[in-house]
file my_file-v7.pdb (PDB, C-alpha atoms and all ligand atoms)
ATOM      1  CA  MET A 530       6.050 -24.750  -9.824  1.00  0.00           C
ATOM      2  CA  PRO A 531       5.449 -21.559 -11.817  1.00  0.00           C
ATOM      3  CA  ALA A 532       2.354 -20.621  -9.839  1.00  0.00           C
ATOM      4  CA  SER A 533       4.131 -20.621  -6.485  1.00  0.00           C
ATOM      5  CA  ILE A 534       7.053 -18.605  -7.873  1.00  0.00           C
ATOM      6  CA  LEU A 535       4.754 -15.923  -9.282  1.00  0.00           C
ATOM      7  CA  GLY A 536       2.783 -15.799  -6.067  1.00  0.00           C
ATOM      8  CA  GLU A 537       5.836 -15.340  -3.910  1.00  0.00           C
ATOM      9  CA  GLY A 538       7.311 -12.687  -6.190  1.00  0.00           C
ATOM     10  CA  GLY A 539       4.118 -10.660  -6.085  1.00  0.00           C
ATOM     11  CA  HIS A 540       3.985 -10.884  -2.328  1.00  0.00           C
ATOM     12  CA  LEU A 541       7.572  -9.686  -1.919  1.00  0.00           C
ATOM     13  CA  SER A 542       7.027  -6.785  -4.301  1.00  0.00           C
ATOM     14  CA  GLU A 543       3.926  -5.689  -2.442  1.00  0.00           C
ATOM     15  CA  ALA A 544       5.722  -5.858   0.891  1.00  0.00           C
ATOM     16  CA  ALA A 545       8.557  -3.686  -0.415  1.00  0.00           C
ATOM     17  CA  VAL A 546       6.133  -0.981  -1.567  1.00  0.00           C
ATOM     18  CA  THR A 547       4.307  -1.021   1.747  1.00  0.00           C
ATOM     19  CA  ARG A 548       7.537  -0.679   3.700  1.00  0.00           C
ATOM     20  CA  ASP A 549       8.671   2.263   1.557  1.00  0.00           C
ATOM     21  CA  THR A 550       5.520   4.295   2.208  1.00  0.00           C
ATOM     22  CA  ALA A 551       5.216   3.223   5.827  1.00  0.00           C
ATOM     23  CA  THR A 552       8.126   5.411   6.871  1.00  0.00           C
ATOM     24  CA  ARG A 553       6.294   8.574   5.821  1.00  0.00           C
ATOM     25  CA  LEU A 554       2.594   7.969   6.344  1.00  0.00           C
ATOM     26  CA  SER A 555       0.147   6.599   8.830  1.00  0.00           C
ATOM     27  CA  CYS A 556      -3.584   6.070   8.523  1.00  0.00           C
ATOM     28  CA  PRO A 557      -5.625   8.919  10.103  1.00  0.00           C
ATOM     29  CA  SER A 558      -8.410   6.458  10.833  1.00  0.00           C
ATOM     30  CA  CYS A 559      -6.668   3.534  12.530  1.00  0.00           C
ATOM     31  CA  GLY A 560      -3.077   4.767  12.847  1.00  0.00           C
ATOM     32  CA  SER A 561      -1.615   1.892  10.828  1.00  0.00           C
ATOM     33  CA  ALA A 562       1.597   2.537   8.920  1.00  0.00           C
ATOM     34  CA  PHE A 563       0.540   0.194   6.131  1.00  0.00           C
ATOM     35  CA  VAL A 564      -0.471   2.886   3.667  1.00  0.00           C
ATOM     36  CA  ALA A 565      -0.316   2.662  -0.127  1.00  0.00           C
ATOM     37  CA  GLN A 566      -0.161   5.594  -2.512  1.00  0.00           C
ATOM     38  CA  VAL A 567      -2.662   5.527  -5.374  1.00  0.00           C
ATOM     39  CA  LEU A 568      -2.746   7.809  -8.394  1.00  0.00           C
ATOM     40  CA  GLY A 569      -6.035   9.666  -8.802  1.00  0.00           C
ATOM     41  CA  ASP A 570      -7.927  10.416 -12.014  1.00  0.00           C
ATOM     42  CA  ASN A 571      -6.566  13.953 -12.406  1.00  0.00           C
ATOM     43  CA  GLY A 572      -2.951  13.255 -11.561  1.00  0.00           C
ATOM     44  CA  GLY A 573      -3.332  13.727  -7.834  1.00  0.00           C
ATOM     45  CA  ILE A 574      -2.216  11.203  -5.269  1.00  0.00           C
ATOM     46  CA  SER A 575      -4.532   9.504  -2.848  1.00  0.00           C
ATOM     47  CA  TYR A 576      -3.655   7.192   0.005  1.00  0.00           C
ATOM     48  CA  VAL A 577      -5.248   3.919   0.991  1.00  0.00           C
ATOM     49  CA  CYS A 578      -4.757   2.152   4.299  1.00  0.00           C
ATOM     50  CA  THR A 579      -4.165  -1.527   3.633  1.00  0.00           C
ATOM     51  CA  ALA A 580      -5.095  -2.404   7.203  1.00  0.00           C
ATOM     52  CA  CYS A 581      -8.604  -0.899   7.491  1.00  0.00           C
ATOM     53  CA  GLY A 582      -9.339   0.190   3.894  1.00  0.00           C
ATOM     54  CA  HIS A 583      -9.709   3.887   4.713  1.00  0.00           C
ATOM     55  CA  SER A 584      -8.757   6.172   1.821  1.00  0.00           C
ATOM     56  CA  TRP A 585      -7.898   9.865   1.826  1.00  0.00           C
ATOM     57  CA  SER A 586      -5.955  12.467  -0.096  1.00  0.00           C
TER      58      SER A 586
HETATM   59 ZN    ZN B 601      -6.362   2.434   8.579  1.00  0.00          ZN
END

call {"tool": "encode", "arguments": {"input": "my_file-v7.pdb", "output": "structure tokens", "more": "lines below"}}
Ligand SMILES: [Zn+2]
result
Amino acid sequence: MPASILGEGGHLSEAAVTRDTATRLSCPSCGSAFVAQVLGDNGGISYVCTACGHSWS
């Protein structure tokens, strides 16, 4: 079942990234630790809360 294997791999990878950033950041809006780092247009780093969707930099 190639589809299920790809789906599970993507999910595990995403979870690993979330856990790595969660130790350092928390959302200023809802307080969740599920925060992802996102590269901005000019090389800066922004943060996006995966729980409530709030983004900041
Ligand atoms: Zn949030």

call {"tool": "resolve_selection", "arguments": {"input": "my_file-v7.pdb", "expression": "the PyMOL selection byres (((chain A and resi 564) around 6) and not hetatm)", "output": "PyMOL selection string"}}
result
chain A and resi 562-563+565+577-579

call {"tool": "residues_near_ligand", "arguments": {"input": "my_file-v7.pdb", "ligand": "ligand ZN 601 (chain B)", "cutoff": "7 Å", "atoms": "all atoms listed in the file", "output": "PyMOL selection string"}}
result
chain A and resi 556-561+578-583

call {"tool": "resolve_selection", "arguments": {"input": "my_file-v7.pdb", "expression": "the PyMOL selection byres (((chain A and resi 567) around 10) and not hetatm)", "output": "list in words"}}
result
Val564, Ala565, Gln566, Leu568, Gly569, Asp570, Gly572, Gly573, Ile574, Ser575, Tyr576, Val577, Ser584, Trp585 and Ser586 of chain A
